[in-house]
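The file work37.cif contains mmCIF, C-alpha atoms and all ligand atoms:
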data_model
loop_
_atom_site.label_atom_id
_atom_site.label_comp_id
_atom_site.auth_asym_id
_atom_site.auth_seq_id
_atom_site.Cartn_x
_atom_site.Cartn_y
_atom_site.Cartn_z
CA VAL A 1 17.05 -78.55 -45.79
CA HIS A 2 18.59 -75.69 -47.79
CA ARG A 3 18.51 -76.46 -51.53
CA ASP A 4 22.27 -75.89 -51.95
CA THR A 5 22.85 -78.21 -49.00
CA GLN A 6 20.87 -81.03 -50.68
CA HIS A 7 22.86 -80.54 -53.87
CA LEU A 8 26.16 -80.52 -51.97
CA LEU A 9 25.18 -83.68 -50.12
CA HIS A 10 24.45 -85.42 -53.40
CA ARG A 11 27.73 -84.31 -55.02
CA ARG A 12 29.66 -85.36 -51.95
CA GLU A 13 28.11 -88.84 -51.95
CA GLN A 14 29.04 -89.21 -55.61
CA LEU A 15 32.60 -87.99 -55.23
CA LEU A 16 33.90 -89.00 -51.79
CA GLY A 17 32.72 -92.59 -51.61
CA THR A 18 31.36 -94.50 -48.67
CA ALA A 19 34.22 -94.39 -46.16
CA TYR A 20 33.33 -90.83 -45.16
CA SER A 21 30.58 -90.17 -42.63
CA LEU A 22 28.56 -87.13 -41.62
CA PHE A 23 27.24 -86.01 -38.26
CA TYR A 24 23.49 -85.73 -37.55
CA GLN A 25 20.32 -87.12 -39.13
CA GLU A 26 20.12 -83.83 -40.95
CA PRO A 27 23.71 -83.05 -41.99
CA LEU A 28 25.03 -79.58 -41.34
CA HIS A 29 26.42 -77.31 -44.02
CA LEU A 30 28.59 -74.84 -42.15
CA VAL A 31 29.91 -71.74 -43.82
CA ARG A 32 31.37 -69.56 -41.07
CA GLY A 33 32.75 -69.70 -37.56
CA GLU A 34 33.51 -67.12 -34.90
CA GLY A 35 34.52 -67.86 -31.31
CA VAL A 36 32.21 -70.59 -29.99
CA TRP A 37 29.64 -70.04 -32.73
CA LEU A 38 29.18 -71.74 -36.08
CA TYR A 39 26.83 -70.54 -38.84
CA ASP A 40 25.14 -72.68 -41.50
CA ALA A 41 24.30 -71.92 -45.12
CA GLY A 42 20.80 -70.82 -44.14
CA GLY A 43 22.16 -68.31 -41.60
CA ALA A 44 21.26 -70.31 -38.44
CA ARG A 45 23.81 -70.22 -35.64
CA TYR A 46 24.98 -73.07 -33.42
CA LEU A 47 26.85 -73.11 -30.13
CA ASP A 48 29.85 -75.34 -30.74
CA MET A 49 30.17 -77.67 -27.74
CA TYR A 50 32.12 -80.25 -29.71
CA ASN A 51 35.08 -78.96 -31.69
CA ASN A 52 38.30 -78.98 -29.74
CA VAL A 53 40.38 -78.17 -32.82
CA ALA A 54 39.17 -74.56 -32.82
CA HIS A 55 40.85 -74.40 -29.44
CA VAL A 56 41.07 -70.63 -28.96
CA GLY A 57 37.80 -70.02 -30.84
CA HIS A 58 36.88 -70.39 -34.51
CA CYS A 59 38.83 -68.05 -36.78
CA HIS A 60 40.56 -66.25 -33.92
CA PRO A 61 41.87 -63.00 -35.48
CA HIS A 62 45.34 -63.30 -33.91
CA VAL A 63 45.84 -66.78 -35.41
CA VAL A 64 44.33 -65.83 -38.77
CA GLU A 65 46.58 -62.81 -38.99
CA ALA A 66 49.70 -64.79 -38.05
CA ILE A 67 48.94 -67.36 -40.78
CA CYS A 68 48.23 -64.68 -43.41
CA ARG A 69 51.32 -62.65 -42.54
CA GLN A 70 53.67 -65.64 -42.76
CA ALA A 71 51.96 -67.06 -45.86
CA ALA A 72 52.52 -63.71 -47.58
CA MET A 73 56.23 -63.77 -46.61
CA LEU A 74 57.59 -67.31 -47.01
CA ASN A 75 56.63 -70.96 -46.71
CA THR A 76 59.29 -73.62 -47.16
CA HIS A 77 60.38 -76.63 -45.09
CA THR A 78 62.70 -77.51 -42.24
CA ARG A 79 65.78 -78.07 -44.39
CA TYR A 80 66.33 -74.32 -44.35
CA LEU A 81 66.93 -72.30 -41.22
CA HIS A 82 63.90 -70.41 -39.95
CA GLU A 83 63.16 -68.78 -36.58
CA ASN A 84 59.55 -69.95 -36.34
CA VAL A 85 60.22 -73.66 -35.90
CA VAL A 86 62.96 -73.02 -33.34
CA ASP A 87 60.94 -70.39 -31.46
CA TYR A 88 57.97 -72.71 -31.36
CA ALA A 89 60.03 -75.70 -30.19
CA GLU A 90 61.41 -73.49 -27.40
CA ARG A 91 57.99 -72.31 -26.26
CA LEU A 92 56.42 -75.75 -26.55
CA THR A 93 59.12 -77.64 -24.64
CA ALA A 94 58.94 -74.95 -21.91
CA LYS A 95 55.36 -76.17 -21.32
CA LEU A 96 56.59 -79.70 -20.60
CA PRO A 97 58.70 -81.32 -17.87
CA ASP A 98 62.43 -80.51 -18.23
CA THR A 99 63.47 -83.92 -19.54
CA LEU A 100 61.11 -83.58 -22.51
CA ASP A 101 63.33 -81.18 -24.38
CA THR A 102 63.26 -82.24 -28.04
CA ALA A 103 60.43 -81.47 -30.47
CA MET A 104 59.70 -82.91 -33.93
CA PHE A 105 56.86 -81.69 -36.11
CA CYS A 106 54.33 -83.19 -38.47
CA CYS A 107 50.82 -82.40 -39.73
CA THR A 108 48.37 -84.78 -38.04
CA GLY A 109 47.90 -86.67 -34.80
CA SER A 110 48.21 -89.93 -36.74
CA GLU A 111 51.63 -88.90 -38.00
CA ALA A 112 52.65 -87.88 -34.48
CA ASN A 113 51.69 -91.30 -33.09
CA GLU A 114 53.33 -93.03 -36.04
CA LEU A 115 56.53 -91.11 -35.30
CA ALA A 116 56.25 -91.93 -31.59
CA LEU A 117 56.01 -95.63 -32.46
CA ARG A 118 59.10 -95.39 -34.63
CA ILE A 119 61.04 -93.66 -31.86
CA ALA A 120 59.88 -96.22 -29.27
CA ARG A 121 60.79 -99.15 -31.50
CA SER A 122 64.12 -97.74 -32.45
CA ALA A 123 65.00 -96.90 -28.82
CA THR A 124 63.84 -100.20 -27.31
CA ARG A 125 64.59 -102.55 -30.20
CA ALA A 126 61.22 -104.10 -29.35
CA ARG A 127 57.88 -104.04 -31.21
CA GLY A 128 55.07 -104.80 -28.76
CA VAL A 129 52.44 -102.11 -28.13
CA ILE A 130 49.92 -102.04 -25.28
CA VAL A 131 46.77 -99.96 -25.80
CA THR A 132 43.45 -99.42 -24.04
CA ASP A 133 40.63 -101.47 -25.47
CA PHE A 134 38.58 -98.84 -27.26
CA ALA A 135 41.34 -96.38 -28.12
CA TYR A 136 41.75 -94.38 -31.32
CA HIS A 137 45.27 -93.28 -32.20
CA GLY A 138 45.07 -92.55 -35.92
CA ASN A 139 44.33 -93.46 -39.52
CA SER A 140 47.69 -94.67 -40.90
CA GLN A 141 48.39 -98.42 -41.14
CA ALA A 142 50.46 -98.55 -37.92
CA THR A 143 48.17 -96.28 -35.91
CA TRP A 144 45.06 -98.07 -37.19
CA GLU A 145 46.59 -101.32 -35.93
CA ILE A 146 46.87 -99.82 -32.44
CA SER A 147 43.33 -98.34 -32.57
CA PRO A 148 40.94 -101.04 -31.28
CA GLU A 149 38.00 -98.67 -31.80
CA ASP A 150 38.43 -99.16 -35.56
CA CYS A 151 40.69 -102.20 -35.96
CA ALA A 152 38.66 -105.32 -35.14
CA PRO A 153 40.37 -108.16 -33.22
CA GLU A 154 40.60 -110.31 -36.35
CA HIS A 155 42.74 -107.64 -38.05
CA ARG A 156 44.87 -106.91 -34.99
CA PRO A 157 48.52 -107.91 -35.35
CA ASP A 158 50.23 -110.09 -32.74
CA TYR A 159 52.31 -107.20 -31.41
CA VAL A 160 49.21 -105.34 -30.14
CA VAL A 161 47.65 -106.27 -26.78
CA THR A 162 44.76 -104.38 -25.22
CA VAL A 163 44.08 -103.49 -21.59
CA PRO A 164 40.69 -102.44 -20.21
CA SER A 165 39.98 -98.74 -20.48
CA PRO A 166 40.18 -97.45 -16.86
CA ASP A 167 36.48 -96.59 -16.67
CA CYS A 168 35.34 -96.21 -13.05
CA TYR A 169 31.66 -95.75 -13.91
CA ARG A 170 30.79 -98.80 -15.98
CA GLY A 171 34.13 -100.62 -16.11
CA LEU A 172 35.68 -103.45 -14.07
CA TYR A 173 36.77 -101.45 -11.01
CA ARG A 174 35.29 -98.48 -9.13
CA GLY A 175 36.81 -97.99 -5.68
CA ASP A 176 39.86 -96.11 -4.36
CA ASP A 177 42.22 -98.82 -5.56
CA ALA A 178 40.85 -98.76 -9.15
CA GLY A 179 44.04 -97.11 -10.43
CA LYS A 180 46.27 -99.91 -9.20
CA LEU A 181 43.82 -102.64 -10.23
CA TYR A 182 43.48 -101.30 -13.77
CA ALA A 183 47.25 -100.80 -14.07
CA ALA A 184 47.82 -104.45 -13.14
CA HIS A 185 46.32 -105.32 -16.54
CA VAL A 186 49.36 -103.70 -18.14
CA GLN A 187 51.45 -106.43 -16.49
CA ASN A 188 49.05 -109.05 -17.89
CA ALA A 189 49.52 -107.51 -21.34
CA ILE A 190 53.31 -107.63 -20.95
CA ASP A 191 53.00 -111.33 -20.02
CA THR A 192 50.75 -111.99 -23.03
CA LEU A 193 53.28 -110.35 -25.35
CA SER A 194 56.08 -112.29 -23.70
CA ALA A 195 54.23 -115.58 -24.29
CA ARG A 196 54.22 -114.61 -27.99
CA GLY A 197 57.96 -113.96 -27.87
CA ILE A 198 57.46 -110.19 -28.16
CA GLN A 199 58.93 -107.48 -25.91
CA PRO A 200 56.97 -104.27 -25.28
CA ALA A 201 58.13 -101.13 -27.08
CA ALA A 202 55.42 -98.94 -25.54
CA PHE A 203 52.24 -98.46 -23.63
CA ILE A 204 50.28 -95.68 -25.34
CA ILE A 205 47.20 -94.00 -23.91
CA ASP A 206 44.95 -91.09 -24.73
CA THR A 207 45.27 -89.44 -21.29
CA ILE A 208 41.55 -88.68 -21.27
CA ALA A 209 40.38 -91.79 -23.05
CA SER A 210 38.02 -90.04 -25.41
CA SER A 211 36.97 -92.94 -27.66
CA GLY A 212 36.55 -95.12 -24.57
CA GLY A 213 33.76 -92.72 -23.52
CA VAL A 214 35.72 -89.73 -22.12
CA VAL A 215 37.26 -91.87 -19.39
CA LEU A 216 39.39 -90.10 -16.79
CA PRO A 217 42.16 -92.44 -15.62
CA PRO A 218 41.84 -92.93 -11.84
CA ALA A 219 44.60 -91.68 -9.52
CA GLY A 220 47.76 -93.75 -9.76
CA TYR A 221 46.81 -95.45 -13.02
CA LEU A 222 49.12 -93.66 -15.43
CA SER A 223 52.11 -93.67 -13.07
CA THR A 224 51.74 -97.36 -12.17
CA ALA A 225 51.16 -98.40 -15.78
CA ALA A 226 54.20 -96.38 -16.89
CA ALA A 227 56.36 -97.99 -14.18
CA LEU A 228 55.27 -101.49 -15.25
CA VAL A 229 55.98 -100.97 -18.94
CA ARG A 230 59.36 -99.38 -18.15
CA GLN A 231 60.31 -102.33 -15.95
CA ALA A 232 59.71 -104.52 -19.00
CA GLY A 233 61.94 -102.28 -21.15
CA GLY A 234 59.16 -100.31 -22.87
CA LEU A 235 58.30 -96.62 -23.01
CA PHE A 236 55.26 -94.65 -21.90
CA ILE A 237 53.65 -92.58 -24.67
CA ALA A 238 51.06 -89.98 -23.66
CA ASP A 239 48.71 -89.21 -26.54
CA GLU A 240 47.77 -85.59 -25.85
CA VAL A 241 46.10 -85.06 -29.23
CA GLN A 242 42.78 -84.33 -27.48
CA PRO A 243 43.52 -83.41 -23.83
CA GLY A 244 46.58 -81.20 -24.43
CA PHE A 245 47.03 -77.42 -24.48
CA GLY A 246 45.16 -76.49 -21.31
CA ARG A 247 41.83 -78.14 -22.05
CA THR A 248 41.76 -79.97 -18.73
CA GLY A 249 41.94 -76.69 -16.83
CA SER A 250 43.95 -77.76 -13.83
CA ASN A 251 46.87 -78.77 -16.07
CA PHE A 252 48.29 -77.95 -19.48
CA TRP A 253 48.53 -81.68 -20.31
CA GLY A 254 46.27 -84.61 -19.48
CA PHE A 255 49.11 -86.78 -18.13
CA ALA A 256 49.88 -84.12 -15.49
CA ALA A 257 46.80 -85.23 -13.53
CA ASP A 258 49.01 -88.08 -12.28
CA ALA A 259 52.60 -88.07 -10.98
CA VAL A 260 54.21 -89.26 -14.20
CA VAL A 261 56.55 -87.90 -16.84
CA PRO A 262 56.01 -89.65 -20.19
CA ASP A 263 58.90 -90.72 -22.40
CA ILE A 264 57.10 -89.40 -25.47
CA VAL A 265 54.20 -86.95 -25.77
CA THR A 266 52.20 -86.69 -28.98
CA MET A 267 49.98 -83.76 -29.88
CA GLY A 268 47.91 -82.35 -32.73
CA LYS A 269 44.31 -81.17 -33.12
CA PRO A 270 44.22 -77.87 -31.13
CA MET A 271 47.86 -77.02 -31.80
CA GLY A 272 47.22 -74.80 -34.84
CA ASN A 273 43.55 -73.95 -34.14
CA GLY A 274 42.56 -75.75 -37.34
CA HIS A 275 45.76 -75.32 -39.32
CA PRO A 276 47.30 -78.82 -39.62
CA VAL A 277 50.10 -78.81 -37.07
CA ALA A 278 51.08 -81.79 -34.93
CA GLY A 279 54.18 -82.97 -33.14
CA VAL A 280 56.12 -85.21 -30.83
CA VAL A 281 58.10 -84.07 -27.82
CA THR A 282 60.53 -86.49 -26.29
CA ARG A 283 63.90 -86.76 -24.58
CA ALA A 284 67.02 -85.90 -26.57
CA ASP A 285 68.43 -89.43 -26.07
CA LEU A 286 65.30 -91.02 -27.56
CA ALA A 287 65.13 -88.62 -30.51
CA ALA A 288 68.82 -89.37 -31.15
CA THR A 289 68.10 -93.06 -31.77
CA LEU A 290 65.91 -92.05 -34.71
CA GLY A 291 68.54 -89.59 -35.88
CA ALA A 292 71.02 -92.46 -36.03
CA GLU A 293 68.57 -94.50 -38.15
CA GLY A 294 68.42 -92.21 -41.13
CA GLY A 295 66.84 -89.14 -39.56
CA TYR A 296 63.48 -87.49 -39.98
CA PHE A 297 62.00 -85.28 -42.64
CA ASN A 298 58.43 -84.13 -43.16
CA THR A 299 57.75 -81.87 -46.16
CA PHE A 300 55.03 -79.84 -44.45
CA GLY A 301 55.67 -80.53 -40.77
CA GLY A 302 57.18 -77.56 -38.95
CA ASN A 303 56.96 -75.18 -41.91
CA PRO A 304 57.05 -71.43 -41.15
CA VAL A 305 53.31 -70.90 -41.67
CA SER A 306 52.33 -73.85 -39.46
CA CYS A 307 54.69 -72.69 -36.75
CA ALA A 308 53.32 -69.13 -37.00
CA ALA A 309 49.84 -70.58 -36.41
CA ALA A 310 51.05 -72.68 -33.48
CA LEU A 311 52.93 -69.75 -31.92
CA ALA A 312 49.82 -67.60 -32.23
CA VAL A 313 47.73 -70.29 -30.50
CA LEU A 314 50.12 -70.27 -27.53
CA ASP A 315 49.95 -66.45 -27.48
CA VAL A 316 46.16 -66.54 -27.23
CA ILE A 317 46.07 -69.32 -24.61
CA GLU A 318 48.35 -67.18 -22.46
CA ALA A 319 46.92 -63.71 -23.20
CA GLU A 320 43.32 -64.79 -22.68
CA ALA A 321 44.12 -67.12 -19.73
CA LEU A 322 42.25 -69.92 -21.48
CA GLN A 323 43.51 -72.75 -19.28
CA GLN A 324 42.08 -70.86 -16.30
CA ASN A 325 38.86 -70.25 -18.24
CA ALA A 326 38.62 -73.96 -19.02
CA LEU A 327 38.90 -74.70 -15.31
CA GLN A 328 36.32 -72.13 -14.20
CA VAL A 329 33.76 -72.56 -16.96
CA GLY A 330 34.25 -76.34 -16.81
CA GLN A 331 33.40 -76.34 -13.10
CA TYR A 332 30.42 -74.09 -13.74
CA LEU A 333 29.14 -76.37 -16.49
CA VAL A 334 29.57 -79.50 -14.38
CA ALA A 335 27.64 -77.86 -11.52
CA GLY A 336 24.85 -76.98 -13.98
CA LEU A 337 24.80 -80.52 -15.34
CA ARG A 338 24.53 -81.87 -11.79
CA GLY A 339 21.50 -79.61 -11.36
CA LEU A 340 19.94 -81.14 -14.48
CA ALA A 341 20.72 -84.65 -13.19
CA GLU A 342 18.33 -83.99 -10.30
CA ARG A 343 15.47 -83.78 -12.78
CA HIS A 344 16.64 -86.12 -15.53
CA GLU A 345 16.90 -89.74 -14.38
CA CYS A 346 18.70 -90.62 -17.60
CA ILE A 347 21.86 -88.77 -16.55
CA GLY A 348 23.94 -91.55 -15.03
CA ASP A 349 27.32 -89.90 -14.69
CA ILE A 350 28.94 -86.50 -15.16
CA ARG A 351 32.71 -86.44 -15.25
CA GLY A 352 35.35 -84.21 -16.67
CA ASN A 353 38.38 -82.05 -16.26
CA GLY A 354 38.13 -78.45 -17.37
CA LEU A 355 36.30 -78.27 -20.68
CA PHE A 356 36.55 -81.98 -21.44
CA ILE A 357 33.28 -83.28 -20.02
CA ALA A 358 31.26 -86.47 -20.38
CA LEU A 359 27.54 -86.75 -19.80
CA GLU A 360 26.79 -90.46 -19.66
CA LEU A 361 23.17 -91.40 -20.34
CA VAL A 362 21.63 -94.58 -18.91
CA THR A 363 18.23 -96.27 -18.95
CA ASP A 364 18.71 -97.44 -15.36
CA ARG A 365 20.88 -95.65 -12.81
CA GLU A 366 21.24 -98.72 -10.57
CA GLN A 367 22.34 -101.09 -13.32
CA ARG A 368 24.06 -98.35 -15.35
CA VAL A 369 22.53 -99.63 -18.60
CA PRO A 370 23.71 -97.50 -21.55
CA ALA A 371 20.98 -95.35 -23.16
CA THR A 372 22.34 -95.55 -26.69
CA ALA A 373 19.17 -94.59 -28.57
CA LEU A 374 18.48 -91.72 -26.19
CA ALA A 375 22.01 -90.36 -26.61
CA SER A 376 21.62 -90.34 -30.38
CA ALA A 377 18.17 -88.70 -30.15
CA THR A 378 19.53 -86.08 -27.75
CA VAL A 379 22.48 -85.23 -29.99
CA ASN A 380 20.05 -84.64 -32.88
CA ALA A 381 17.59 -82.73 -30.69
CA LEU A 382 20.41 -80.45 -29.51
CA ARG A 383 21.46 -79.85 -33.09
CA GLU A 384 17.88 -78.91 -34.06
CA ARG A 385 17.84 -76.43 -31.18
CA GLY A 386 21.23 -74.92 -32.04
CA VAL A 387 23.80 -76.75 -29.91
CA LEU A 388 26.43 -79.04 -31.44
CA THR A 389 27.79 -82.06 -29.63
CA GLY A 390 28.34 -85.75 -30.34
CA SER A 391 28.10 -89.13 -28.67
CA ILE A 392 30.96 -91.52 -28.04
CA GLY A 393 32.07 -94.61 -26.14
CA PRO A 394 31.80 -98.36 -26.78
CA ASP A 395 27.99 -98.05 -26.40
CA ASN A 396 27.72 -94.58 -27.92
CA ASN A 397 25.81 -93.34 -24.87
CA VAL A 398 28.23 -90.63 -23.70
CA LEU A 399 27.70 -87.03 -24.81
CA LYS A 400 31.08 -85.45 -25.39
CA LEU A 401 31.28 -81.79 -24.35
CA ARG A 402 34.58 -80.44 -25.62
CA PRO A 403 34.05 -76.86 -26.82
CA PRO A 404 36.59 -74.21 -27.80
CA LEU A 405 38.23 -72.92 -24.60
CA VAL A 406 36.69 -69.46 -25.04
CA LEU A 407 33.32 -70.77 -23.83
CA SER A 408 31.82 -68.35 -21.28
CA THR A 409 29.49 -69.01 -18.35
CA ALA A 410 26.70 -67.32 -20.39
CA ASP A 411 27.36 -69.82 -23.20
CA ALA A 412 27.26 -72.62 -20.62
CA ASP A 413 23.85 -71.37 -19.39
CA TYR A 414 22.58 -71.30 -22.98
CA MET A 415 23.77 -74.88 -23.47
CA LEU A 416 22.25 -76.08 -20.17
CA ASP A 417 18.86 -74.59 -21.02
CA ILE A 418 18.79 -76.23 -24.45
CA LEU A 419 20.06 -79.53 -23.04
CA ASP A 420 17.30 -79.45 -20.43
CA ARG A 421 14.66 -79.00 -23.12
CA SER A 422 16.23 -81.55 -25.46
CA LEU A 423 16.38 -84.23 -22.76
CA GLU A 424 12.78 -83.48 -21.86
CA ALA A 425 11.68 -83.79 -25.49
CA CYS A 426 13.64 -87.03 -26.02
CA THR A 427 12.58 -88.80 -22.81
CA ASP A 428 8.92 -87.86 -23.45
CA MET A 429 8.97 -89.60 -26.82
C1 LIG B 501 43.53 -89.42 -29.15
C2 LIG B 501 43.78 -89.25 -30.61
N1 LIG B 501 44.97 -89.56 -31.13
C3 LIG B 501 45.24 -89.42 -32.44
C4 LIG B 501 44.30 -88.96 -33.33
C5 LIG B 501 44.63 -88.84 -34.78
O1 LIG B 501 44.73 -87.50 -35.14
P1 LIG B 501 44.52 -87.03 -36.67
O2 LIG B 501 43.09 -87.19 -37.02
O3 LIG B 501 44.97 -85.59 -36.64
O4 LIG B 501 45.42 -87.86 -37.51
C6 LIG B 501 43.03 -88.62 -32.84
C7 LIG B 501 41.98 -88.12 -33.78
O5 LIG B 501 40.80 -88.16 -33.52
C8 LIG B 501 42.77 -88.77 -31.45
O6 LIG B 501 41.57 -88.46 -30.94
#
Structure re-expressed in structure tokens:
Amino acid sequence: VHRDTQHLLHRREQLLGTAYSLFYQEPLHLVRGEGVWLYDAGGARYLDMYNNVAHVGHCHPHVVEAICRQAAMLNTHTRYLHENVVDYAERLTAKLPDTLDTAMFCCTGSEANELALRIARSATRARGVIVTDFAYHGNSQATWEISPEDCAPEHRPDYVVTVPSPDCYRGLYRGDDAGKLYAAHVQNAIDTLSARGIQPAAFIIDTIASSGGVVLPPAGYLSTAAALVRQAGGLFIADEVQPGFGRTGSNFWGFAADAVVPDIVTMGKPMGNGHPVAGVVTRADLAATLGAEGGYFNTFGGNPVSCAAALAVLDVIEAEALQQNALQVGQYLVAGLRGLAERHECIGDIRGNGLFIALELVTDREQRVPATALASATVNALRERGVLTGSIGPDNNVLKLRPPLVLSTADADYMLDILDRSLEACTDM
């Protein structure tokens, strides 16, 4: 380990406390990024197969320039008129179904989900929230409470009821009717809330259930679940913090894989390519209920610099056809992974949309037993060989491949070769 890195690690442990964590057995000290590449303090380079925030590539010059230009001109807040926030709201809502015509801005995905909860509660006059059972929706008190990945059952308030994550590989249901069968649990959750004297305000789902193990909801799941919660007076919130902005290739938003229009869409991470921009898009009638309750203000949310960054990200997605690239390179990568699965018994499942791909490792393909230790060893072996990824899911056995959308087929080949060698090294151990 680089001497400065050791020193930094020590200082960090002293100063940041124990709640923070670091990736990898040997933590990385990154100093520079460009496109899909990251560089450490010792000059080694890594292919970034993990970071979705750097959506259009690390330090994309168009985004950097837009931020610098606006920062040199003016940065205030949304209580003054400025074109950027209005221009961005116009371009963003144009990417969504017509009824979703009102945008509100904040700085993090947690804030976006917090705001969505407030809107849902104010519009429905109800407080119940239905979530999938290993979801993560944020770090604030309210979003922590609806994040079963972090908030253990003993801390979970009575207004939160979980439904099984619609996992068709290792979950409860697998066949063609899995969507309907999983959605029926939303009705059970409504009944559970009702038995507690609570009405549902919302069903919220990460539309590619990342924390659940990069779970792709089966056909009909989102639309049926949304219909059930609406029947009970609640709203459907699509958390697009990870899947949004073209990552899934075939669609700009994750929810669009199913025939459903959410009542509220939340977004963040890739929106500013690393600059903290997040937001909520909803219907005007729903946003109005919050307006009537004292309104909304966020000191930093929607400021001219953040909106310049977000506008520049949309420019690059369009100019470089990155949604299309996600689709093509995603398909190429999945085909390559299927090739590797012929030689590596430990690859149990490969699933994904565009450049949001899961590689699920198992110790037994028949029984689908999670290979937790192997996944962790593989993540570290990949890092040693210059490819960054991470593992996720309730059993931490799913490698999450979620690179910047500028990944090329040559980068995919590089990754596949190193993955092949890493799996070989780890299964030989
Ligand atoms: C699906 C989802 N929603 C919300 C959040 C919270 O976003 P932030 O960390 O920007 O507050 C995350 C962050 O990981 C997320 O993955």
So that I can check the surroundings of stretch 42-51 of chain A, please list as a PDB file with C-alpha atoms, in the coordinates of the input every protein, DNA and RNA residue that reaches within 10 Å of it, counting all atoms listed in the file and ignoring chain neighbours fewer than 4 positions away.
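around_34.pdb, freshly written:
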ATOM      1  CA  VAL A   1      17.050 -78.550 -45.790  1.00  0.00           C
ATOM      2  CA  HIS A   2      18.590 -75.690 -47.790  1.00  0.00           C
ATOM      3  CA  ARG A   3      18.510 -76.460 -51.530  1.00  0.00           C
ATOM      4  CA  ASP A   4      22.270 -75.890 -51.950  1.00  0.00           C
ATOM      5  CA  THR A   5      22.850 -78.210 -49.000  1.00  0.00           C
ATOM      6  CA  HIS A  29      26.420 -77.310 -44.020  1.00  0.00           C
ATOM      7  CA  LEU A  30      28.590 -74.840 -42.150  1.00  0.00           C
ATOM      8  CA  VAL A  31      29.910 -71.740 -43.820  1.00  0.00           C
ATOM      9  CA  ARG A  32      31.370 -69.560 -41.070  1.00  0.00           C
ATOM     10  CA  GLY A  33      32.750 -69.700 -37.560  1.00  0.00           C
ATOM     11  CA  GLU A  34      33.510 -67.120 -34.900  1.00  0.00           C
ATOM     12  CA  GLY A  35      34.520 -67.860 -31.310  1.00  0.00           C
ATOM     13  CA  VAL A  36      32.210 -70.590 -29.990  1.00  0.00           C
ATOM     14  CA  TRP A  37      29.640 -70.040 -32.730  1.00  0.00           C
ATOM     15  CA  LEU A  38      29.180 -71.740 -36.080  1.00  0.00           C
ATOM     16  CA  HIS A  55      40.850 -74.400 -29.440  1.00  0.00           C
ATOM     17  CA  GLY A  57      37.800 -70.020 -30.840  1.00  0.00           C
ATOM     18  CA  HIS A  58      36.880 -70.390 -34.510  1.00  0.00           C
ATOM     19  CA  LYS A 269      44.310 -81.170 -33.120  1.00  0.00           C
ATOM     20  CA  PRO A 270      44.220 -77.870 -31.130  1.00  0.00           C
ATOM     21  CA  GLY A 274      42.560 -75.750 -37.340  1.00  0.00           C
ATOM     22  CA  LEU A 355      36.300 -78.270 -20.680  1.00  0.00           C
ATOM     23  CA  PHE A 356      36.550 -81.980 -21.440  1.00  0.00           C
ATOM     24  CA  LEU A 382      20.410 -80.450 -29.510  1.00  0.00           C
ATOM     25  CA  ARG A 383      21.460 -79.850 -33.090  1.00  0.00           C
ATOM     26  CA  GLU A 384      17.880 -78.910 -34.060  1.00  0.00           C
ATOM     27  CA  ARG A 385      17.840 -76.430 -31.180  1.00  0.00           C
ATOM     28  CA  GLY A 386      21.230 -74.920 -32.040  1.00  0.00           C
ATOM     29  CA  VAL A 387      23.800 -76.750 -29.910  1.00  0.00           C
ATOM     30  CA  LEU A 388      26.430 -79.040 -31.440  1.00  0.00           C
ATOM     31  CA  THR A 389      27.790 -82.060 -29.630  1.00  0.00           C
ATOM     32  CA  GLY A 390      28.340 -85.750 -30.340  1.00  0.00           C
ATOM     33  CA  SER A 391      28.100 -89.130 -28.670  1.00  0.00           C
ATOM     34  CA  LEU A 399      27.700 -87.030 -24.810  1.00  0.00           C
ATOM     35  CA  LYS A 400      31.080 -85.450 -25.390  1.00  0.00           C
ATOM     36  CA  LEU A 401      31.280 -81.790 -24.350  1.00  0.00           C
ATOM     37  CA  ARG A 402      34.580 -80.440 -25.620  1.00  0.00           C
ATOM     38  CA  PRO A 403      34.050 -76.860 -26.820  1.00  0.00           C
ATOM     39  CA  PRO A 404      36.590 -74.210 -27.800  1.00  0.00           C
ATOM     40  CA  LEU A 405      38.230 -72.920 -24.600  1.00  0.00           C
ATOM     41  CA  LEU A 407      33.320 -70.770 -23.830  1.00  0.00           C
ATOM     42  CA  ASP A 411      27.360 -69.820 -23.200  1.00  0.00           C
ATOM     43  CA  ALA A 412      27.260 -72.620 -20.620  1.00  0.00           C
ATOM     44  CA  TYR A 414      22.580 -71.300 -22.980  1.00  0.00           C
ATOM     45  CA  MET A 415      23.770 -74.880 -23.470  1.00  0.00           C
TER      46      MET A 415
END
Of the residues A:Gly128, A:Pro200, A:Pro304, A:Pro276, which is the one nearest to A:Ser110, using only C-alpha atoms? A:Pro276
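Our summary of the geometry notes that atom CA of A:Val215 is positioned 6.8 Å from atom CA of A:Pro166.
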Hey, could you pull the box centre and edge lengths for ligand LIG 501 (chain B), axis-aligned, 8 Å padding per side, all listed atoms, to one decimal in Å, as AutoDock Vina command-line options?
--center_x 43.1 --center_y -87.6 --center_z -33.3 --size_x 20.6 --size_y 20.0 --size_z 24.4
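Going from atom CA of A:Ile146 to atom CA of A:Ala189 covers 13.8 Å.
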As a PyMOL selection string, please: the residues near A:Val129 (cut-off 8 Å, all atoms listed in the file, same-chain neighbours under 5 positions excluded). chain A and resi 146+159-161+200-204
Go ahead and save the picked residues with C-alpha atoms, as a short mmCIF file (atom, residue, chain, number, x, y, z; two decimals), keeping the file's coordinate frame.
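Result file selection-v7.cif:
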data_model
loop_
_atom_site.label_atom_id
_atom_site.label_comp_id
_atom_site.auth_asym_id
_atom_site.auth_seq_id
_atom_site.Cartn_x
_atom_site.Cartn_y
_atom_site.Cartn_z
CA ILE A 146 46.87 -99.82 -32.44
CA TYR A 159 52.31 -107.20 -31.41
CA VAL A 160 49.21 -105.34 -30.14
CA VAL A 161 47.65 -106.27 -26.78
CA PRO A 200 56.97 -104.27 -25.28
CA ALA A 201 58.13 -101.13 -27.08
CA ALA A 202 55.42 -98.94 -25.54
CA PHE A 203 52.24 -98.46 -23.63
CA ILE A 204 50.28 -95.68 -25.34
#
